[in-house]
file work_20.cif (mmCIF, C-alpha atoms and all ligand atoms)
data_target
#
loop_
_atom_site.label_atom_id
_atom_site.label_comp_id
_atom_site.auth_asym_id
_atom_site.auth_seq_id
_atom_site.Cartn_x
_atom_site.Cartn_y
_atom_site.Cartn_z
CA MET K 151 -136.43 -240.62 -147.72
CA GLN K 152 -136.41 -240.78 -151.52
CA VAL K 153 -133.63 -242.69 -153.29
CA HIS K 154 -133.57 -242.31 -157.07
CA GLU K 155 -131.39 -243.92 -159.69
CA LYS K 156 -132.98 -242.25 -162.71
CA ARG K 157 -132.26 -238.66 -163.71
CA ARG K 158 -135.88 -238.25 -164.88
CA ASP K 159 -137.09 -238.89 -161.30
CA ILE K 160 -134.75 -236.21 -159.95
CA THR K 161 -135.71 -233.69 -162.65
CA ALA K 162 -139.39 -234.37 -161.90
CA SER K 163 -138.88 -233.76 -158.15
CA VAL K 164 -136.78 -230.66 -158.88
CA ALA K 165 -139.47 -229.22 -161.21
CA ILE K 166 -142.07 -229.48 -158.41
CA LEU K 167 -139.71 -227.90 -155.85
CA LYS K 168 -138.88 -225.01 -158.20
CA LYS K 169 -142.59 -224.36 -158.79
CA GLN K 170 -142.99 -224.10 -155.03
CA ASN K 171 -140.05 -221.63 -154.90
CA LYS K 172 -138.09 -224.00 -152.68
CA THR K 173 -134.31 -223.62 -152.42
CA ILE K 174 -132.26 -226.74 -153.16
CA GLY K 175 -128.99 -227.51 -151.37
CA PHE K 176 -126.83 -230.05 -153.19
CA VAL K 177 -124.02 -232.21 -151.78
CA PRO K 178 -122.23 -234.24 -154.45
CA THR K 179 -120.37 -237.27 -153.03
CA MET K 180 -118.87 -240.57 -154.10
CA GLY K 181 -120.52 -242.32 -151.15
CA ALA K 182 -118.99 -244.34 -148.31
CA LEU K 183 -120.22 -241.43 -146.26
CA HIS K 184 -118.44 -240.29 -143.10
CA LYS K 185 -118.82 -237.39 -140.67
CA GLY K 186 -117.05 -235.02 -143.07
CA HIS K 187 -119.75 -235.60 -145.69
CA LEU K 188 -122.47 -235.39 -143.03
CA ALA K 189 -121.17 -231.98 -141.86
CA LEU K 190 -121.70 -230.72 -145.43
CA VAL K 191 -125.21 -232.19 -145.49
CA GLU K 192 -126.06 -230.63 -142.10
CA LYS K 193 -124.98 -227.20 -143.35
CA ALA K 194 -127.05 -227.70 -146.50
CA ILE K 195 -130.11 -228.67 -144.40
CA LYS K 196 -129.76 -225.47 -142.33
CA GLU K 197 -129.48 -223.23 -145.40
CA ASN K 198 -132.07 -224.72 -147.80
CA HIS K 199 -135.64 -226.00 -147.95
CA ILE K 200 -134.59 -229.32 -149.49
CA VAL K 201 -131.30 -231.18 -149.76
CA ILE K 202 -130.23 -233.51 -152.56
CA VAL K 203 -127.18 -235.76 -151.98
CA SER K 204 -125.67 -237.58 -154.95
CA VAL K 205 -123.78 -240.81 -154.45
CA PHE K 206 -121.84 -241.58 -157.59
CA VAL K 207 -118.33 -242.97 -158.00
CA ASN K 208 -117.44 -241.05 -161.13
CA PRO K 209 -115.23 -243.20 -163.39
CA THR K 210 -113.91 -240.31 -165.51
CA GLN K 211 -112.11 -238.66 -162.56
CA PHE K 212 -110.05 -241.77 -161.74
CA ASN K 213 -106.67 -242.07 -163.43
CA ASN K 214 -105.93 -245.25 -161.47
CA THR K 215 -108.06 -248.36 -162.12
CA ASP K 216 -107.05 -249.99 -158.83
CA ASP K 217 -108.37 -246.94 -156.94
CA LEU K 218 -111.66 -246.97 -158.90
CA VAL K 219 -112.25 -250.72 -158.50
CA ASN K 220 -111.46 -250.67 -154.77
CA TYR K 221 -113.34 -247.48 -153.97
CA PRO K 222 -115.76 -248.45 -151.12
CA LYS K 223 -119.43 -248.72 -152.16
CA THR K 224 -121.89 -248.73 -149.25
CA LEU K 225 -125.16 -247.23 -150.52
CA ASP K 226 -127.48 -248.86 -147.93
CA ALA K 227 -125.32 -247.65 -145.03
CA ASP K 228 -125.09 -244.19 -146.68
CA VAL K 229 -128.88 -243.92 -146.93
CA ALA K 230 -129.24 -245.04 -143.28
CA LEU K 231 -126.79 -242.33 -142.13
CA LEU K 232 -128.54 -239.63 -144.14
CA SER K 233 -131.99 -240.65 -142.89
CA LYS K 234 -130.76 -239.99 -139.33
CA LEU K 235 -130.14 -236.35 -140.29
CA SER K 236 -133.46 -235.81 -142.05
CA THR K 237 -136.04 -237.95 -143.82
CA ASP K 238 -136.56 -235.10 -146.31
CA ILE K 239 -133.24 -235.65 -148.08
CA ILE K 240 -133.40 -236.86 -151.67
CA VAL K 241 -130.59 -239.26 -152.63
CA PHE K 242 -129.52 -239.48 -156.27
CA ALA K 243 -127.52 -242.68 -156.86
CA PRO K 244 -127.27 -243.05 -160.65
CA THR K 245 -125.42 -245.61 -162.73
CA ALA K 246 -122.60 -244.37 -165.00
CA LYS K 247 -124.88 -244.96 -168.01
CA GLU K 248 -127.54 -242.72 -166.49
CA ILE K 249 -125.02 -239.86 -166.32
CA TYR K 250 -122.91 -240.47 -169.43
CA GLY K 251 -125.12 -242.55 -171.74
CA ASP K 252 -122.98 -244.69 -174.03
CA GLN K 253 -120.15 -242.14 -174.30
CA MET K 254 -118.21 -242.11 -171.06
CA SER K 255 -115.81 -239.27 -171.76
CA SER K 256 -114.78 -235.98 -170.19
CA ILE K 257 -115.11 -232.47 -171.53
CA ASP K 258 -111.70 -230.86 -172.13
CA TYR K 259 -111.74 -227.85 -169.76
CA ASP K 260 -109.44 -224.87 -169.44
CA PHE K 261 -109.67 -223.87 -165.79
CA GLY K 262 -107.09 -221.13 -166.22
CA GLY K 263 -104.11 -223.25 -165.14
CA ILE K 264 -105.29 -224.40 -161.68
CA GLU K 265 -105.97 -227.81 -163.23
CA ASN K 266 -102.26 -228.29 -163.98
CA GLU K 267 -101.02 -227.83 -160.41
CA MET K 268 -100.62 -230.56 -157.74
CA GLU K 269 -103.52 -233.04 -158.11
CA GLY K 270 -103.63 -232.14 -161.80
CA LYS K 271 -99.93 -233.01 -162.19
CA PHE K 272 -100.25 -236.37 -160.48
CA ARG K 273 -103.75 -237.38 -161.62
CA SER K 274 -103.89 -236.77 -165.34
CA GLY K 275 -107.41 -235.89 -166.58
CA HIS K 276 -108.78 -235.84 -163.02
CA PHE K 277 -110.22 -232.32 -163.08
CA ASP K 278 -111.77 -232.73 -166.55
CA GLY K 279 -113.63 -235.72 -165.03
CA VAL K 280 -114.65 -233.70 -161.97
CA GLY K 281 -115.77 -230.73 -164.10
CA THR K 282 -117.73 -232.95 -166.48
CA VAL K 283 -119.66 -234.88 -163.85
CA LEU K 284 -120.47 -231.70 -161.92
CA LYS K 285 -121.69 -229.95 -165.04
CA TYR K 286 -124.08 -232.89 -165.65
CA LEU K 287 -125.13 -233.15 -161.99
CA PHE K 288 -125.72 -229.38 -161.65
CA THR K 289 -127.85 -229.49 -164.80
CA ILE K 290 -129.97 -232.36 -163.43
CA VAL K 291 -130.28 -231.10 -159.84
CA SER K 292 -130.42 -227.36 -160.57
CA PRO K 293 -129.24 -226.45 -157.05
CA THR K 294 -129.44 -223.06 -155.36
CA LYS K 295 -126.27 -223.81 -153.38
CA ALA K 296 -123.75 -226.67 -153.64
CA TYR K 297 -121.44 -227.70 -150.80
CA PHE K 298 -117.81 -228.81 -151.09
CA GLY K 299 -115.14 -229.63 -148.51
CA GLU K 300 -111.84 -227.75 -148.21
CA LYS K 301 -110.32 -231.21 -147.81
CA ASP K 302 -110.24 -231.08 -151.63
CA PHE K 303 -109.22 -227.42 -151.73
CA GLN K 304 -108.02 -227.55 -155.32
CA GLN K 305 -111.28 -229.19 -156.39
CA LEU K 306 -113.21 -226.41 -154.63
CA GLN K 307 -111.35 -223.79 -156.72
CA ILE K 308 -111.99 -225.82 -159.88
CA VAL K 309 -115.72 -225.97 -159.13
CA LYS K 310 -115.88 -222.20 -158.63
CA LYS K 311 -114.18 -221.78 -162.02
CA LEU K 312 -116.48 -224.37 -163.66
CA VAL K 313 -119.57 -222.45 -162.59
CA GLU K 314 -118.08 -219.27 -164.13
CA ILE K 315 -117.17 -221.05 -167.38
CA GLU K 316 -120.54 -222.78 -167.73
CA LYS K 317 -122.40 -219.64 -166.53
CA MET K 318 -124.35 -221.64 -163.95
CA SER K 319 -126.26 -219.81 -161.23
CA VAL K 320 -125.42 -222.20 -158.36
CA GLN K 321 -123.62 -220.68 -155.35
CA ILE K 322 -120.56 -222.72 -154.29
CA ILE K 323 -120.05 -223.05 -150.54
CA GLY K 324 -116.71 -224.24 -149.09
CA CYS K 325 -116.77 -226.13 -145.76
CA PRO K 326 -113.95 -226.79 -143.25
CA ILE K 327 -112.03 -230.07 -143.10
CA TYR K 328 -113.46 -232.62 -140.67
CA ARG K 329 -110.81 -234.69 -138.86
CA GLU K 330 -110.35 -237.73 -136.65
CA GLU K 331 -109.20 -236.89 -133.12
CA SER K 332 -105.73 -237.91 -134.29
CA GLY K 333 -105.85 -235.14 -136.90
CA LEU K 334 -106.24 -237.48 -139.89
CA ALA K 335 -108.66 -235.86 -142.37
CA LEU K 336 -111.73 -238.06 -142.78
CA SER K 337 -111.86 -239.75 -146.17
CA SER K 338 -113.77 -242.66 -147.65
CA ARG K 339 -110.37 -244.12 -148.54
CA ASN K 340 -109.45 -244.32 -144.80
CA LYS K 341 -111.68 -247.42 -144.63
CA ARG K 342 -109.05 -249.23 -146.70
CA LEU K 343 -106.13 -248.49 -144.34
CA ASN K 344 -104.76 -251.41 -142.35
CA ALA K 345 -103.97 -251.05 -138.63
CA GLU K 346 -100.31 -250.05 -139.18
CA GLN K 347 -101.16 -247.53 -141.89
CA PHE K 348 -103.94 -246.04 -139.76
CA GLU K 349 -101.57 -245.69 -136.81
CA ALA K 350 -98.94 -243.98 -138.96
CA SER K 351 -101.41 -241.63 -140.72
CA PRO K 352 -101.61 -238.80 -138.10
CA LEU K 353 -98.10 -237.80 -139.21
CA ILE K 354 -99.68 -236.15 -142.26
CA PHE K 355 -101.60 -233.51 -140.29
CA LYS K 356 -98.90 -233.20 -137.61
CA THR K 357 -96.48 -232.28 -140.40
CA LEU K 358 -98.88 -229.68 -141.79
CA GLN K 359 -99.38 -228.18 -138.33
CA GLN K 360 -95.62 -227.84 -137.83
CA VAL K 361 -95.32 -226.22 -141.27
CA GLN K 362 -98.01 -223.73 -140.24
CA LYS K 363 -95.99 -222.88 -137.10
CA ASP K 364 -92.69 -222.54 -138.99
CA PHE K 365 -94.04 -220.64 -141.98
CA GLY K 366 -93.52 -217.18 -140.43
CA THR K 367 -89.87 -217.74 -139.51
CA LYS K 368 -88.38 -220.34 -141.88
CA SER K 369 -87.73 -220.28 -145.61
CA VAL K 370 -89.85 -222.31 -148.03
CA THR K 371 -86.76 -224.32 -149.06
CA THR K 372 -85.99 -225.22 -145.44
CA ILE K 373 -89.60 -226.25 -144.83
CA ASN K 374 -89.77 -228.35 -148.02
CA LYS K 375 -86.61 -230.21 -147.03
CA TRP K 376 -87.89 -230.73 -143.46
CA VAL K 377 -91.19 -232.19 -144.73
CA SER K 378 -89.43 -234.54 -147.10
CA ASP K 379 -87.23 -235.73 -144.18
CA GLN K 380 -90.32 -236.52 -142.07
CA PHE K 381 -91.38 -239.20 -144.53
CA LYS K 382 -87.94 -240.59 -145.34
CA ASN K 383 -87.52 -244.09 -143.93
CA ASN K 384 -91.19 -244.27 -142.94
CA ASN K 385 -92.33 -247.87 -143.47
CA GLU K 386 -96.01 -247.03 -143.96
CA LEU K 387 -96.19 -243.61 -145.62
CA GLU K 388 -94.61 -242.41 -148.83
CA LEU K 389 -94.67 -238.72 -149.72
CA GLU K 390 -95.95 -238.05 -153.23
CA TYR K 391 -95.83 -234.26 -153.09
CA PHE K 392 -95.65 -231.40 -150.63
CA GLU K 393 -96.11 -227.85 -151.88
CA ILE K 394 -96.60 -224.41 -150.44
CA ALA K 395 -98.77 -222.51 -152.88
CA LYS K 396 -100.64 -219.24 -153.25
CA ALA K 397 -104.25 -219.73 -152.18
CA SER K 398 -105.45 -217.66 -155.15
CA ASP K 399 -103.97 -219.57 -158.11
CA LEU K 400 -102.41 -222.62 -156.37
CA LYS K 401 -99.02 -221.93 -157.95
CA SER K 402 -96.26 -223.32 -155.79
CA ILE K 403 -93.76 -220.79 -154.43
CA LYS K 404 -90.08 -220.65 -153.59
CA ARG K 405 -90.26 -217.35 -151.70
CA LYS K 406 -93.00 -215.65 -149.65
CA GLN K 407 -94.40 -212.27 -150.62
CA LYS K 408 -96.17 -209.71 -148.44
CA ASP K 409 -99.97 -209.56 -148.30
CA THR K 410 -100.44 -212.92 -150.02
CA LYS K 411 -102.41 -215.87 -148.66
CA TYR K 412 -100.66 -219.24 -148.73
CA ARG K 413 -101.64 -222.87 -148.12
CA ALA K 414 -99.65 -226.06 -147.77
CA PHE K 415 -100.77 -229.13 -149.72
CA ILE K 416 -99.72 -232.74 -149.27
CA ALA K 417 -100.36 -236.12 -150.91
CA VAL K 418 -99.14 -239.34 -149.31
CA PHE K 419 -99.40 -243.00 -150.23
CA ALA K 420 -100.15 -245.58 -147.54
CA GLY K 421 -99.52 -248.68 -149.63
CA LYS K 422 -101.82 -248.18 -152.62
CA ILE K 423 -104.12 -245.80 -150.75
CA ARG K 424 -103.67 -242.16 -151.58
CA LEU K 425 -104.37 -239.58 -148.86
CA ILE K 426 -104.44 -235.80 -149.34
CA ASP K 427 -104.64 -232.90 -146.91
CA ASN K 428 -104.00 -229.16 -146.76
CA ILE K 429 -103.81 -226.27 -144.32
CA ALA K 430 -104.01 -222.46 -144.40
CA LEU K 431 -100.62 -220.95 -143.49
CA ASN K 432 -101.49 -217.28 -142.88
P1 LIG K 501 -115.98 -237.45 -151.95
O1 LIG K 501 -117.08 -238.39 -151.59
O2 LIG K 501 -114.66 -237.84 -151.40
O3 LIG K 501 -115.97 -237.09 -153.40
O4 LIG K 501 -116.32 -236.11 -151.18
C1 LIG K 501 -117.54 -235.45 -151.36
C2 LIG K 501 -117.44 -234.08 -150.74
O5 LIG K 501 -117.16 -234.21 -149.35
C3 LIG K 501 -116.31 -233.24 -151.33
O6 LIG K 501 -116.74 -231.90 -151.45
C4 LIG K 501 -115.22 -233.38 -150.33
O7 LIG K 501 -114.32 -232.29 -150.30
C5 LIG K 501 -116.03 -233.44 -149.04
N1 LIG K 501 -115.24 -234.07 -147.97
C6 LIG K 501 -114.63 -235.28 -148.01
N2 LIG K 501 -113.96 -235.50 -146.87
C7 LIG K 501 -114.13 -234.40 -146.11
C8 LIG K 501 -113.67 -234.01 -144.81
N3 LIG K 501 -112.88 -234.79 -144.08
N4 LIG K 501 -114.04 -232.80 -144.33
C9 LIG K 501 -114.84 -231.98 -145.07
N5 LIG K 501 -115.31 -232.30 -146.30
C10 LIG K 501 -114.96 -233.48 -146.81
#
call {"tool": "encode", "arguments": {"input": "work_20.cif", "output": "C-alpha cells"}}
result
Amino acid sequence: MQVHEKRRDITASVAILKKQNKTIGFVPTMGALHKGHLALVEKAIKENHIVIVSVFVNPTQFNNTDDLVNYPKTLDADVALLSKLSTDIIVFAPTAKEIYGDQMSSIDYDFGGIENEMEGKFRSGHFDGVGTVLKYLFTIVSPTKAYFGEKDFQQLQIVKKLVEIEKMSVQIIGCPIYREESGLALSSRNKRLNAEQFEASPLIFKTLQQVQKDFGTKSVTTINKWVSDQFKNNNELELEYFEIAKASDLKSIKRKQKDTKYRAFIAVFAGKIRLIDNIALN
C-alpha cells in the first residue's frame, strides 16, 4: 500500500503506469471513509488495473468554517480500511499547500446554471471549490475513470460538466447511494451525530420514499407542503430545503411534465450537522 503526500510522487507513479498502458481508476474523497466510499473503491478495482484514492478535506468547497474545522480526519483508519480491499491501492493524502501552493482560491466556473440550484443556493462558492480541486486532482492523477456517488447527485452533474469544460478525457462513473439499514445515507458527517440525532435521522429517507410513492398521484405543491410538515416541531431535525427537480438540469418544478425524469432533493440540519439525500422519482 503506497501512501503519498507529495504530488510529484503521484505523478511519478502515474507516469510509470501510463507507460505500461495500465488503466487508472480514481476515487476522490475527503476521508473518514465508510462503506459508501468503499463501494466506489471496489467498483474502481473491478474496472481498472490500478486504483488511486485521494483523501483531502478541500478548504475551498466549505462555506462554513465550523463544518471545515470539525470535519472528521482519520487517515490511519482510512488506510487500514483500504488495505483490506487491496494492497495495490495508491492513497494520495496531500496538504492544502501541495494542491494550492500559496494561493488558496477557486476558479470561477460557469457550469451552465446547475451550480446555482439547491446546494449552490445554500453553500455559496461550494461548486467552484469542488470544480477547482477536481481539476487539479484530475491533472495530477490523470485517471481513465473517476467514481462519484449519487449521494451528491448535484456534484456528480457538476463533475460531468467540468470534464466537458476543461476538455479532460476522464470518464465519470456515477454509483448508487449506500445506506444504513435504517435508510440513512452513509456520510462522514454521520460520525458527528449524537444518539438522539442518529435516532431521528431515518426520517430523511422515509420522507423521500413516501414522496416517491406519492409522486404519481399528488401535486408537487401538496408534496412540498407534506414534506415541510414532517419536519415541523421535530426537536432534532430542521429542514433546510426540499425540492423536486428535473434530473437533467436540476431546476425545481411546480408542475410535472410528460416524459421527463425527476428527482427529489433534501437537506436537513441535525444541530450543526448538515445531511443531504436524494431519490429518483420516476
Ligand atoms: P466525500 O468524502 O463525502 O467527499 O465523498 C467522496 C465520494 O464518495 C463522493 O463521490 C460521494 O458522493 C461518495 N459518497 C459519499 N457517501 C456516499 C454514500 N452513502 N453512497 C455512495 N457514495 C457516497
call {"tool": "closest_residue", "arguments": {"input": "work_20.cif", "among": "K:Thr237, K:Asn171, K:Ser256, K:Ser338", "to": "Thr224 (chain K)", "atoms": "only C-alpha atoms"}}
result
K:Ser338
call {"tool": "residues_around", "arguments": {"input": "work_20.cif", "residues": "Asp159 (chain K)", "least_positions_apart": "2", "cutoff": "12 Å", "atoms": "all atoms listed in the file", "output": "JSON list (two decimals) with C-alpha atoms, keeping the file's coordinate frame"}}
result
[["chain", "number", "residue", "atom", "x", "y", "z"],
["K", 152, "GLN", "CA", -136.41, -240.78, -151.52],
["K", 153, "VAL", "CA", -133.63, -242.69, -153.29],
["K", 154, "HIS", "CA", -133.57, -242.31, -157.07],
["K", 155, "GLU", "CA", -131.39, -243.92, -159.69],
["K", 156, "LYS", "CA", -132.98, -242.25, -162.71],
["K", 157, "ARG", "CA", -132.26, -238.66, -163.71],
["K", 161, "THR", "CA", -135.71, -233.69, -162.65],
["K", 162, "ALA", "CA", -139.39, -234.37, -161.90],
["K", 163, "SER", "CA", -138.88, -233.76, -158.15],
["K", 164, "VAL", "CA", -136.78, -230.66, -158.88],
["K", 165, "ALA", "CA", -139.47, -229.22, -161.21],
["K", 166, "ILE", "CA", -142.07, -229.48, -158.41],
["K", 240, "ILE", "CA", -133.40, -236.86, -151.67],
["K", 241, "VAL", "CA", -130.59, -239.26, -152.63],
["K", 242, "PHE", "CA", -129.52, -239.48, -156.27],
["K", 243, "ALA", "CA", -127.52, -242.68, -156.86],
["K", 244, "PRO", "CA", -127.27, -243.05, -160.65],
["K", 248, "GLU", "CA", -127.54, -242.72, -166.49],
["K", 290, "ILE", "CA", -129.97, -232.36, -163.43],
["K", 291, "VAL", "CA", -130.28, -231.10, -159.84]]
call {"tool": "axis_aligned_box", "arguments": {"input": "work_20.cif", "around": "ligand LIG 501 (chain K)", "padding_each_side": "5 Å", "output": "AutoDock Vina command-line options"}}
result
--center_x -115.2 --center_y -235.1 --center_z -148.7 --size_x 14.7 --size_y 16.5 --size_z 19.3
call {"tool": "residues_near_ligand", "arguments": {"input": "work_20.cif", "ligand": "ligand LIG 501 (chain K)", "cutoff": "7 Å", "atoms": "only C-alpha atoms and all ligand atoms", "output": "list of chain:residue names"}}
result
K:Val177, K:Pro178, K:Thr179, K:Met180, K:Gly181, K:Leu183, K:Gly186, K:His187, K:Leu190, K:Tyr297, K:Phe298, K:Gly299, K:Glu300, K:Lys301, K:Asp302, K:Cys325, K:Pro326, K:Ile327, K:Tyr328, K:Arg329, K:Ala335, K:Leu336, K:Ser337, K:Ser338
call {"tool": "atom_distance", "arguments": {"input": "work_20.cif", "atom1": "CA of Asp258 (chain K)", "atom2": "CA of Phe272 (chain K)"}}
result
17.2 Å
call {"tool": "residues_around", "arguments": {"input": "work_20.cif", "residues": "Leu312 (chain K)", "least_positions_apart": "3", "cutoff": "9 Å", "atoms": "only C-alpha atoms", "output": "JSON, numbers by chain"}}
result
{"K": [259, 261, 281, 284, 285, 307, 308, 309, 315, 316, 317, 318]}
call {"tool": "closest_residue", "arguments": {"input": "work_20.cif", "among": "K:Arg342, K:Lys247, K:Lys168, K:Lys396", "to": "Tyr221 (chain K)", "atoms": "only C-alpha atoms"}}
result
K:Arg342
call {"tool": "atom_distance", "arguments": {"input": "work_20.cif", "atom1": "CA of Asn428 (chain K)", "atom2": "CA of Phe355 (chain K)"}}
result
8.2 Å
call {"tool": "closest_residue", "arguments": {"input": "work_20.cif", "among": "K:Lys341, K:Tyr391, K:Gln321, K:Lys311", "to": "Lys223 (chain K)", "atoms": "all atoms listed in the file"}}
result
K:Lys341
call {"tool": "residues_around", "arguments": {"input": "work_20.cif", "residues": "Thr294 (chain K)", "least_positions_apart": "6", "cutoff": "12 Å", "atoms": "all atoms listed in the file", "output": "MDAnalysis selection string"}}
result
chainID K and resid 164 167:168 171:177 194 197:202 288 318:323
call {"tool": "closest_residue", "arguments": {"input": "work_20.cif", "among": "K:Pro293, K:Gly366, K:Pro352, K:Gly279", "to": "Asn208 (chain K)", "atoms": "only C-alpha atoms"}}
result
K:Gly279
